[in-house]
>>> print(open('entry-v4.cif').read())   # mmCIF, C-alpha atoms and all ligand atoms
data_coords
#
loop_
_atom_site.label_atom_id
_atom_site.label_comp_id
_atom_site.auth_asym_id
_atom_site.auth_seq_id
_atom_site.Cartn_x
_atom_site.Cartn_y
_atom_site.Cartn_z
CA MET H 1258 127.82 114.49 74.36
CA LYS H 1259 125.69 117.46 75.34
CA ILE H 1260 122.36 118.58 73.87
CA ASP H 1261 121.04 122.08 74.58
CA LEU H 1262 117.50 122.95 73.68
CA ILE H 1263 117.63 126.28 71.83
CA GLN H 1264 113.98 126.74 70.87
CA VAL H 1265 110.80 124.77 70.39
CA THR H 1266 107.40 125.63 68.95
CA SER H 1267 104.18 124.40 70.50
CA THR H 1268 102.21 121.63 68.82
CA LYS H 1269 99.30 124.01 68.03
CA GLY H 1270 100.11 123.78 64.33
CA ILE H 1271 99.59 120.01 64.40
CA ILE H 1272 96.24 120.40 66.18
CA GLU H 1273 95.11 123.00 63.60
CA GLY H 1274 96.34 120.80 60.76
CA MET H 1275 94.25 117.89 62.02
CA LYS H 1276 91.16 120.08 62.46
CA THR H 1277 91.64 121.46 58.94
CA SER H 1278 92.05 117.97 57.51
CA ARG H 1279 88.75 116.76 59.04
CA ARG H 1280 86.80 120.06 58.83
CA LYS H 1281 86.16 119.93 62.58
CA ASP H 1282 86.50 122.44 65.42
CA HIS H 1283 87.47 119.74 67.87
CA ILE H 1284 89.04 116.31 67.51
CA GLU H 1285 89.68 113.88 70.37
CA ARG H 1286 92.97 112.06 70.93
CA ILE H 1287 94.93 113.80 68.16
CA PRO H 1288 98.41 112.45 69.05
CA GLU H 1289 97.11 108.88 68.97
CA LYS H 1290 95.29 109.43 65.66
CA VAL H 1291 98.25 111.06 63.91
CA MET H 1292 100.53 108.14 64.79
CA LYS H 1293 97.92 105.42 64.15
CA TRP H 1294 96.86 106.80 60.77
CA GLY H 1295 100.43 107.72 59.75
CA HIS H 1296 99.26 111.27 59.07
CA TRP H 1297 102.93 112.30 59.12
CA SER H 1298 102.74 115.59 57.24
CA VAL H 1299 100.77 117.34 60.00
CA LEU H 1300 103.77 116.76 62.27
CA GLU H 1301 105.68 119.20 60.08
CA HIS H 1302 103.74 122.11 61.64
CA CYS H 1303 106.06 122.27 64.65
CA SER H 1304 109.80 122.46 65.00
CA MET H 1305 112.68 122.38 67.45
CA THR H 1306 116.28 123.61 67.42
CA VAL H 1307 118.99 121.91 69.46
CA LYS H 1308 122.71 122.51 69.81
CA ILE H 1309 124.81 119.38 70.12
CA SER H 1310 128.38 119.56 71.42
CA GLU H 1311 131.06 117.07 72.50
CA ILE H 1312 130.17 114.88 69.54
CA SER H 1313 132.54 113.44 66.93
CA ARG H 1314 132.67 114.42 63.29
CA ALA H 1315 132.15 110.69 62.58
CA CYS H 1316 128.72 111.10 64.17
CA THR H 1317 127.75 114.43 62.62
CA HIS H 1318 128.71 113.02 59.23
CA GLN H 1319 125.94 110.46 59.68
CA LEU H 1320 123.54 113.03 61.13
CA VAL H 1321 123.74 115.39 58.17
CA ARG H 1322 122.70 112.55 55.82
CA HIS H 1323 119.16 113.25 57.08
CA ARG H 1324 118.10 115.78 54.47
CA ILE H 1325 114.35 116.26 54.69
CA GLY H 1326 112.67 118.78 57.03
CA VAL H 1327 115.97 119.71 58.69
CA THR H 1328 118.68 122.31 58.65
CA PHE H 1329 122.17 122.23 60.15
CA THR H 1330 124.90 124.71 61.05
CA GLN H 1331 128.21 123.14 62.04
CA GLU H 1332 131.28 124.64 63.69
CA SER H 1333 133.85 125.44 61.01
CA GLN H 1334 137.02 123.41 61.37
CA ARG H 1335 138.90 126.58 60.45
CA TYR H 1336 138.08 127.74 63.98
CA PHE H 1337 138.85 124.38 65.62
CA ASP H 1338 142.35 124.02 67.03
CA PRO H 1339 143.67 120.79 68.61
CA LEU H 1340 146.68 122.74 69.89
CA VAL H 1341 144.51 124.97 72.07
CA ASN H 1342 142.24 122.31 73.60
CA PRO H 1343 143.92 119.03 74.64
CA ASP H 1344 140.44 117.45 75.00
CA TRP H 1345 139.77 117.71 71.26
CA TYR H 1346 138.71 114.17 70.34
CA ILE H 1347 136.17 111.49 71.24
CA ILE H 1348 137.39 108.11 72.50
CA PRO H 1349 134.98 105.30 71.57
CA PRO H 1350 133.91 103.42 74.76
CA ARG H 1351 135.10 100.05 73.40
CA ILE H 1352 138.61 101.53 73.15
CA SER H 1353 138.36 103.51 76.37
CA ARG H 1354 137.51 100.38 78.38
CA ASP H 1355 140.83 98.72 77.48
CA ASN H 1356 143.75 100.55 79.11
CA LYS H 1357 146.35 99.44 76.55
CA LEU H 1358 144.18 100.33 73.55
CA LYS H 1359 143.26 103.63 75.15
CA GLN H 1360 146.91 104.60 75.62
CA GLU H 1361 147.72 103.64 72.02
CA TYR H 1362 144.73 105.65 70.83
CA ILE H 1363 145.80 108.73 72.80
CA THR H 1364 149.37 108.40 71.45
CA ALA H 1365 148.03 108.28 67.88
CA ARG H 1366 145.85 111.39 68.43
CA ASN H 1367 148.83 113.24 70.00
CA LYS H 1368 150.85 112.43 66.89
CA GLU H 1369 148.10 113.90 64.72
CA ALA H 1370 148.08 117.06 66.83
CA GLU H 1371 151.87 117.25 66.42
CA GLU H 1372 151.54 116.83 62.66
CA TYR H 1373 148.96 119.61 62.68
CA ARG H 1374 151.33 121.83 64.70
CA TYR H 1375 154.15 121.10 62.21
CA TYR H 1376 152.05 122.27 59.23
CA ARG H 1377 150.89 125.36 61.08
CA GLU H 1378 154.48 126.25 62.03
CA LYS H 1379 155.41 125.87 58.35
CA GLY H 1380 152.78 128.50 57.52
CA ILE H 1381 150.11 126.11 56.23
CA PRO H 1382 146.65 127.64 56.86
CA LYS H 1383 144.18 125.83 59.15
CA GLU H 1384 141.95 124.94 56.22
CA ASP H 1385 144.78 122.71 54.88
CA ALA H 1386 146.45 121.65 58.16
CA ARG H 1387 143.13 120.08 59.27
CA PHE H 1388 143.44 117.40 56.58
CA CYS H 1389 145.55 115.34 58.99
CA LEU H 1390 142.84 115.37 61.69
CA PRO H 1391 140.59 112.32 62.26
CA ASN H 1392 136.85 111.59 62.37
CA ALA H 1393 137.26 111.55 66.15
CA CYS H 1394 137.50 115.39 66.28
CA LYS H 1395 134.90 116.94 68.54
CA THR H 1396 132.49 119.32 66.91
CA THR H 1397 129.38 121.38 67.62
CA ILE H 1398 126.30 121.41 65.43
CA THR H 1399 122.99 123.26 65.60
CA TRP H 1400 120.10 121.26 64.17
CA THR H 1401 116.55 122.34 63.44
CA PHE H 1402 113.96 119.68 62.64
CA ASN H 1403 110.22 119.21 62.55
CA MET H 1404 108.44 116.43 64.39
CA SER H 1405 108.02 114.33 61.27
CA SER H 1406 111.74 114.41 60.44
CA LEU H 1407 112.51 113.71 64.10
CA ILE H 1408 110.39 110.54 64.10
CA TRP H 1409 112.12 109.43 60.89
CA PHE H 1410 115.51 110.07 62.52
CA PHE H 1411 114.44 107.98 65.52
CA GLU H 1412 113.26 105.15 63.24
CA LYS H 1413 116.73 104.95 61.71
CA ARG H 1414 118.95 105.79 64.66
CA LEU H 1415 117.28 104.37 67.78
CA LYS H 1416 117.51 100.87 66.32
CA LYS H 1417 119.88 98.44 67.99
CA ASP H 1418 122.04 98.17 64.86
CA ALA H 1419 122.65 101.95 64.64
CA GLN H 1420 126.23 103.04 65.34
CA TRP H 1421 126.73 103.66 69.10
CA GLU H 1422 127.31 107.42 69.05
CA ILE H 1423 124.38 108.40 66.82
CA ARG H 1424 122.23 105.96 68.80
CA GLU H 1425 123.30 107.73 71.99
CA LEU H 1426 122.37 111.04 70.35
CA ALA H 1427 118.96 109.66 69.34
CA GLN H 1428 118.33 108.31 72.84
CA LYS H 1429 119.34 111.58 74.55
CA LEU H 1430 117.17 113.55 72.16
CA TYR H 1431 114.27 111.16 72.72
CA ASP H 1432 114.64 111.67 76.49
CA LEU H 1433 114.81 115.44 76.02
CA VAL H 1434 111.63 115.52 73.91
CA LEU H 1435 109.84 113.56 76.62
CA THR H 1436 110.46 116.51 78.98
CA ILE H 1437 108.47 118.85 76.68
CA PRO H 1438 104.86 118.06 77.60
CA ASP H 1439 103.03 118.75 74.30
CA TRP H 1440 105.72 117.07 72.18
CA ALA H 1441 105.80 114.15 74.62
CA GLU H 1442 102.08 113.53 74.09
CA PHE H 1443 102.85 112.77 70.44
CA LEU H 1444 106.11 110.93 70.98
CA LYS H 1445 104.54 108.57 73.51
CA GLN H 1446 102.07 107.44 70.84
CA TRP H 1447 104.84 106.46 68.43
CA LYS H 1448 106.47 103.02 68.52
CA LEU H 1449 109.82 102.15 66.92
CA GLY H 1450 109.27 100.28 63.65
CA THR H 1451 105.83 101.72 62.90
CA ARG H 1452 107.00 104.22 60.29
CA SER H 1453 108.51 103.02 57.05
C1 LIG K 1 122.47 101.53 59.83
C2 LIG K 1 122.77 102.57 58.77
C3 LIG K 1 123.86 102.42 57.95
C4 LIG K 1 124.13 103.36 56.95
N1 LIG K 1 125.23 103.19 56.15
C5 LIG K 1 125.49 104.08 55.17
C6 LIG K 1 126.61 103.91 54.31
O1 LIG K 1 127.37 102.96 54.42
N2 LIG K 1 126.83 104.83 53.32
C7 LIG K 1 125.99 105.89 53.13
O2 LIG K 1 126.20 106.68 52.22
N3 LIG K 1 124.93 106.09 53.95
C8 LIG K 1 124.66 105.21 54.95
N4 LIG K 1 123.59 105.41 55.79
C9 LIG K 1 122.78 106.64 55.61
C10 LIG K 1 121.47 106.32 54.86
O3 LIG K 1 121.71 105.86 53.55
C11 LIG K 1 120.61 107.60 54.80
O4 LIG K 1 121.31 108.60 54.05
C12 LIG K 1 120.29 108.18 56.16
O5 LIG K 1 119.86 107.16 57.04
C13 LIG K 1 119.18 109.22 56.03
O6 LIG K 1 117.99 108.54 55.74
P1 LIG K 1 116.97 109.08 54.68
O7 LIG K 1 117.61 109.30 53.35
O8 LIG K 1 115.80 108.15 54.71
O9 LIG K 1 116.54 110.47 55.38
P2 LIG K 1 116.19 111.86 54.69
O10 LIG K 1 117.33 112.35 53.92
O11 LIG K 1 115.69 112.74 55.79
O12 LIG K 1 115.02 111.50 53.70
C14 LIG K 1 113.75 111.08 54.21
C15 LIG K 1 113.02 110.35 53.11
O13 LIG K 1 112.72 111.27 52.05
C16 LIG K 1 112.82 110.61 50.79
N5 LIG K 1 113.87 111.24 49.98
C17 LIG K 1 114.85 112.07 50.42
N6 LIG K 1 115.60 112.51 49.41
C18 LIG K 1 115.09 111.95 48.30
C19 LIG K 1 115.46 112.00 46.94
N7 LIG K 1 116.50 112.72 46.51
N8 LIG K 1 114.72 111.28 46.07
C20 LIG K 1 113.68 110.54 46.47
N9 LIG K 1 113.28 110.43 47.77
C21 LIG K 1 113.98 111.12 48.66
C22 LIG K 1 113.17 109.15 51.08
O14 LIG K 1 111.96 108.41 51.17
C23 LIG K 1 113.81 109.22 52.43
O15 LIG K 1 113.72 108.02 53.16
C24 LIG K 1 123.29 104.48 56.78
C25 LIG K 1 122.18 104.62 57.61
C26 LIG K 1 121.91 103.71 58.61
C27 LIG K 1 120.71 103.90 59.50
#
>>> encode(input="entry-v4.cif", output="structure tokens", more="lines below")
Ligand SMILES: Cc1cc2nc3c(=O)[nH]c(=O)nc-3n(C[C@H](O)[C@H](O)[C@H](O)COP(=O)(O)OP(=O)(O)OC[C@H]3O[C@@H](n4cnc5c(N)ncnc54)[C@H](O)[C@@H]3O)c2cc1C
Amino acid sequence: MKIDLIQVTSTKGIIEGMKTSRRKDHIERIPEKVMKWGHWSVLEHCSMTVKISEISRACTHQLVRHRIGVTFTQESQRYFDPLVNPDWYIIPPRISRDNKLKQEYITARNKEAEEYRYYREKGIPKEDARFCLPNACKTTITWTFNMSSLIWFFEKRLKKDAQWEIRELAQKLYDLVLTIPDWAEFLKQWKLGTRS
């Protein structure tokens, strides 16, 4: 899985939102106050766009269930071709760790690629041939979110019971946000389980 940061706004909008809310020119410790008070809507004044690649469609299917304060653009499967790129699917680590299971898994994916080839050779367009492809297909998705929707995503997907791939995405994104100093100031004040 790879996450590229495409663009990010500063957190100035959050600062101005807090000042507006309290009719003050200056407020101390804004990140701490926003998180402590649960003043979530002010976090909507900043946004970030990331591009995620080498991720399965099983994972992006879960990701796009997050509807509020976000927008997505996903690679069209009409332009995806398992016959061009042999590295077209994700292997779950629990399968990858077992040599026998891994070989069986690869054989099954090869069969799907062959089925896809068969339909294409029979003149079936990609939009129909893709019906035989699995959730394991790699995809690319561009995702824009604001800080409030990001925190909500983390609440749901950083938890131990989240599915491994979306949890990995949440953890990588969390680590990425920590490298952006003004966003990190806010994120460091948030604790898992404090937003419901
Ligand atoms: C462990 C786990 C297992 C899951 N399993 C399944 C599953 O088996 N099947 C499945 O379909 N989904 C499943 N989901 C997805 C889940 O149901 C949510 O769609 C997903 O987590 C997005 O959460 P959300 O709706 O809170 O987020 P958002 O869509 O970003 O919404 C944020 C918040 O806005 C409010 N909101 C949004 N839309 C509306 C609305 N139309 N009306 C009123 N309030 C609204 C709600 O308060 C919501 O919590 C699972 C999620 C997790 C974390």
>>> residues_around(input="entry-v4.cif", residues="segment 1377-1392 of chain H", least_positions_apart="3", cutoff="7 Å", atoms="only C-alpha atoms", output="list of chain:residue names")
H:Ser1313, H:Arg1314, H:Ala1315, H:Arg1335, H:Glu1369, H:Tyr1373, H:Arg1374
>>> residues_around(input="entry-v4.cif", residues="Gln1446 of chain H", least_positions_apart="3", cutoff="8 Å", atoms="all atoms listed in the file", output="PyMOL selection string")
chain H and resi 1288-1289+1292+1442-1443
>>> residues_around(input="entry-v4.cif", residues="segment 1359-1362 of chain H", least_positions_apart="2", cutoff="12 Å", atoms="all atoms listed in the file", output="ChimeraX atom specification")
/H:1346-1357,1364-1369,1391,1393
>>> residues_near_ligand(input="entry-v4.cif", ligand="ligand LIG 1 (chain K)", cutoff="10 Å", atoms="all atoms listed in the file", output="ChimeraX atom specification")
/H:1318-1327,1402,1405-1407,1409-1420,1423-1424,1453
>>> closest_residue(input="entry-v4.cif", among="H:Leu1358, H:Ile1408, H:Val1307, H:Val1291", to="Leu1433 of chain H", atoms="all atoms listed in the file")
H:Val1307
>>> atom_distance(input="entry-v4.cif", atom1="atom CA of Ile1284 of chain H", atom2="atom CA of Thr1268 of chain H")
14.3 Å
>>> residues_around(input="entry-v4.cif", residues="segment 1260-1266 of chain H", least_positions_apart="4", cutoff="12 Å", atoms="only C-alpha atoms", output="tab-separated table (two decimals) with C-alpha atoms, in the frame of the given file")
chain	number	residue	atom	x	y	z
H	1270	GLY	CA	100.11	123.78	64.33
H	1271	ILE	CA	99.59	120.01	64.40
H	1300	LEU	CA	103.77	116.76	62.27
H	1301	GLU	CA	105.68	119.20	60.08
H	1302	HIS	CA	103.74	122.11	61.64
H	1303	CYS	CA	106.06	122.27	64.65
H	1304	SER	CA	109.80	122.46	65.00
H	1305	MET	CA	112.68	122.38	67.45
H	1306	THR	CA	116.28	123.61	67.42
H	1307	VAL	CA	118.99	121.91	69.46
H	1308	LYS	CA	122.71	122.51	69.81
H	1309	ILE	CA	124.81	119.38	70.12
H	1310	SER	CA	128.38	119.56	71.42
H	1311	GLU	CA	131.06	117.07	72.50
H	1312	ILE	CA	130.17	114.88	69.54
H	1397	THR	CA	129.38	121.38	67.62
H	1398	ILE	CA	126.30	121.41	65.43
H	1399	THR	CA	122.99	123.26	65.60
H	1400	TRP	CA	120.10	121.26	64.17
H	1401	THR	CA	116.55	122.34	63.44
H	1402	PHE	CA	113.96	119.68	62.64
H	1403	ASN	CA	110.22	119.21	62.55
H	1404	MET	CA	108.44	116.43	64.39
H	1425	GLU	CA	123.30	107.73	71.99
H	1426	LEU	CA	122.37	111.04	70.35
H	1427	ALA	CA	118.96	109.66	69.34
H	1428	GLN	CA	118.33	108.31	72.84
H	1429	LYS	CA	119.34	111.58	74.55
H	1430	LEU	CA	117.17	113.55	72.16
H	1431	TYR	CA	114.27	111.16	72.72
H	1432	ASP	CA	114.64	111.67	76.49
H	1433	LEU	CA	114.81	115.44	76.02
H	1434	VAL	CA	111.63	115.52	73.91
H	1436	THR	CA	110.46	116.51	78.98
H	1437	ILE	CA	108.47	118.85	76.68
H	1438	PRO	CA	104.86	118.06	77.60
H	1439	ASP	CA	103.03	118.75	74.30
H	1440	TRP	CA	105.72	117.07	72.18
>>> atom_distance(input="entry-v4.cif", atom1="atom CA of Ser1298 of chain H", atom2="atom CA of Met1275 of chain H")
10.0 Å
>>> atom_distance(input="entry-v4.cif", atom1="atom CA of Glu1332 of chain H", atom2="atom CA of Tyr1375 of chain H")
23.2 Å
>>> closest_residue(input="entry-v4.cif", among="H:Thr1451, H:Thr1277, H:Thr1317, H:Ser1267", to="Thr1396 of chain H", atoms="all atoms listed in the file")
H:Thr1317
>>> axis_aligned_box(input="entry-v4.cif", around="segment 1357-1365 of chain H", padding_each_side="4 Å", output="lines of an AutoDock Vina configuration file")
center_x = 146.3
center_y = 104.1
center_z = 72.2
size_x = 14.1
size_y = 17.3
size_z = 16.7
>>> closest_residue(input="entry-v4.cif", among="H:Val1299, H:Arg1452, H:Tyr1336, H:Cys1394", to="Lys1269 of chain H", atoms="all atoms listed in the file")
H:Val1299
>>> closest_residue(input="entry-v4.cif", among="H:Ile1363, H:Lys1290, H:Ser1333, H:Thr1328", to="Lys1276 of chain H", atoms="only C-alpha atoms")
H:Lys1290
>>> build_atoms(input="entry-v4.cif", residues="segment 1437-1449 of chain H", atoms="N, CA and C atoms", output="PDB file, in the coordinates of the input")
ATOM      1  N   ILE H1437     109.256 117.726  77.214  1.00  0.00           N
ATOM      2  CA  ILE H1437     108.470 118.850  76.680  1.00  0.00           C
ATOM      3  C   ILE H1437     107.030 118.339  76.542  1.00  0.00           C
ATOM      4  N   PRO H1438     106.141 118.748  77.467  1.00  0.00           N
ATOM      5  CA  PRO H1438     104.860 118.060  77.600  1.00  0.00           C
ATOM      6  C   PRO H1438     104.064 117.877  76.305  1.00  0.00           C
ATOM      7  N   ASP H1439     103.886 118.946  75.482  1.00  0.00           N
ATOM      8  CA  ASP H1439     103.030 118.750  74.300  1.00  0.00           C
ATOM      9  C   ASP H1439     103.701 117.875  73.235  1.00  0.00           C
ATOM     10  N   TRP H1440     105.008 117.967  73.105  1.00  0.00           N
ATOM     11  CA  TRP H1440     105.720 117.070  72.180  1.00  0.00           C
ATOM     12  C   TRP H1440     105.675 115.630  72.706  1.00  0.00           C
ATOM     13  N   ALA H1441     105.798 115.503  74.022  1.00  0.00           N
ATOM     14  CA  ALA H1441     105.800 114.150  74.620  1.00  0.00           C
ATOM     15  C   ALA H1441     104.489 113.421  74.355  1.00  0.00           C
ATOM     16  N   GLU H1442     103.393 114.175  74.353  1.00  0.00           N
ATOM     17  CA  GLU H1442     102.080 113.530  74.090  1.00  0.00           C
ATOM     18  C   GLU H1442     102.094 112.802  72.751  1.00  0.00           C
ATOM     19  N   PHE H1443     102.765 113.405  71.770  1.00  0.00           N
ATOM     20  CA  PHE H1443     102.850 112.770  70.440  1.00  0.00           C
ATOM     21  C   PHE H1443     103.866 111.625  70.458  1.00  0.00           C
ATOM     22  N   LEU H1444     105.029 111.923  71.021  1.00  0.00           N
ATOM     23  CA  LEU H1444     106.110 110.930  70.980  1.00  0.00           C
ATOM     24  C   LEU H1444     105.700 109.628  71.674  1.00  0.00           C
ATOM     25  N   LYS H1445     104.941 109.765  72.759  1.00  0.00           N
ATOM     26  CA  LYS H1445     104.540 108.570  73.510  1.00  0.00           C
ATOM     27  C   LYS H1445     103.617 107.669  72.695  1.00  0.00           C
ATOM     28  N   GLN H1446     102.993 108.233  71.667  1.00  0.00           N
ATOM     29  CA  GLN H1446     102.070 107.440  70.840  1.00  0.00           C
ATOM     30  C   GLN H1446     102.794 106.722  69.694  1.00  0.00           C
ATOM     31  N   TRP H1447     104.081 107.071  69.513  1.00  0.00           N
ATOM     32  CA  TRP H1447     104.840 106.460  68.430  1.00  0.00           C
ATOM     33  C   TRP H1447     105.647 105.269  68.948  1.00  0.00           C
ATOM     34  N   LYS H1448     105.685 104.200  68.133  1.00  0.00           N
ATOM     35  CA  LYS H1448     106.470 103.020  68.520  1.00  0.00           C
ATOM     36  C   LYS H1448     107.512 102.766  67.434  1.00  0.00           C
ATOM     37  N   LEU H1449     108.735 102.447  67.861  1.00  0.00           N
ATOM     38  CA  LEU H1449     109.820 102.150  66.920  1.00  0.00           C
ATOM     39  C   LEU H1449     109.364 101.053  65.943  1.00  0.00           C
TER      40      LEU H1449
END
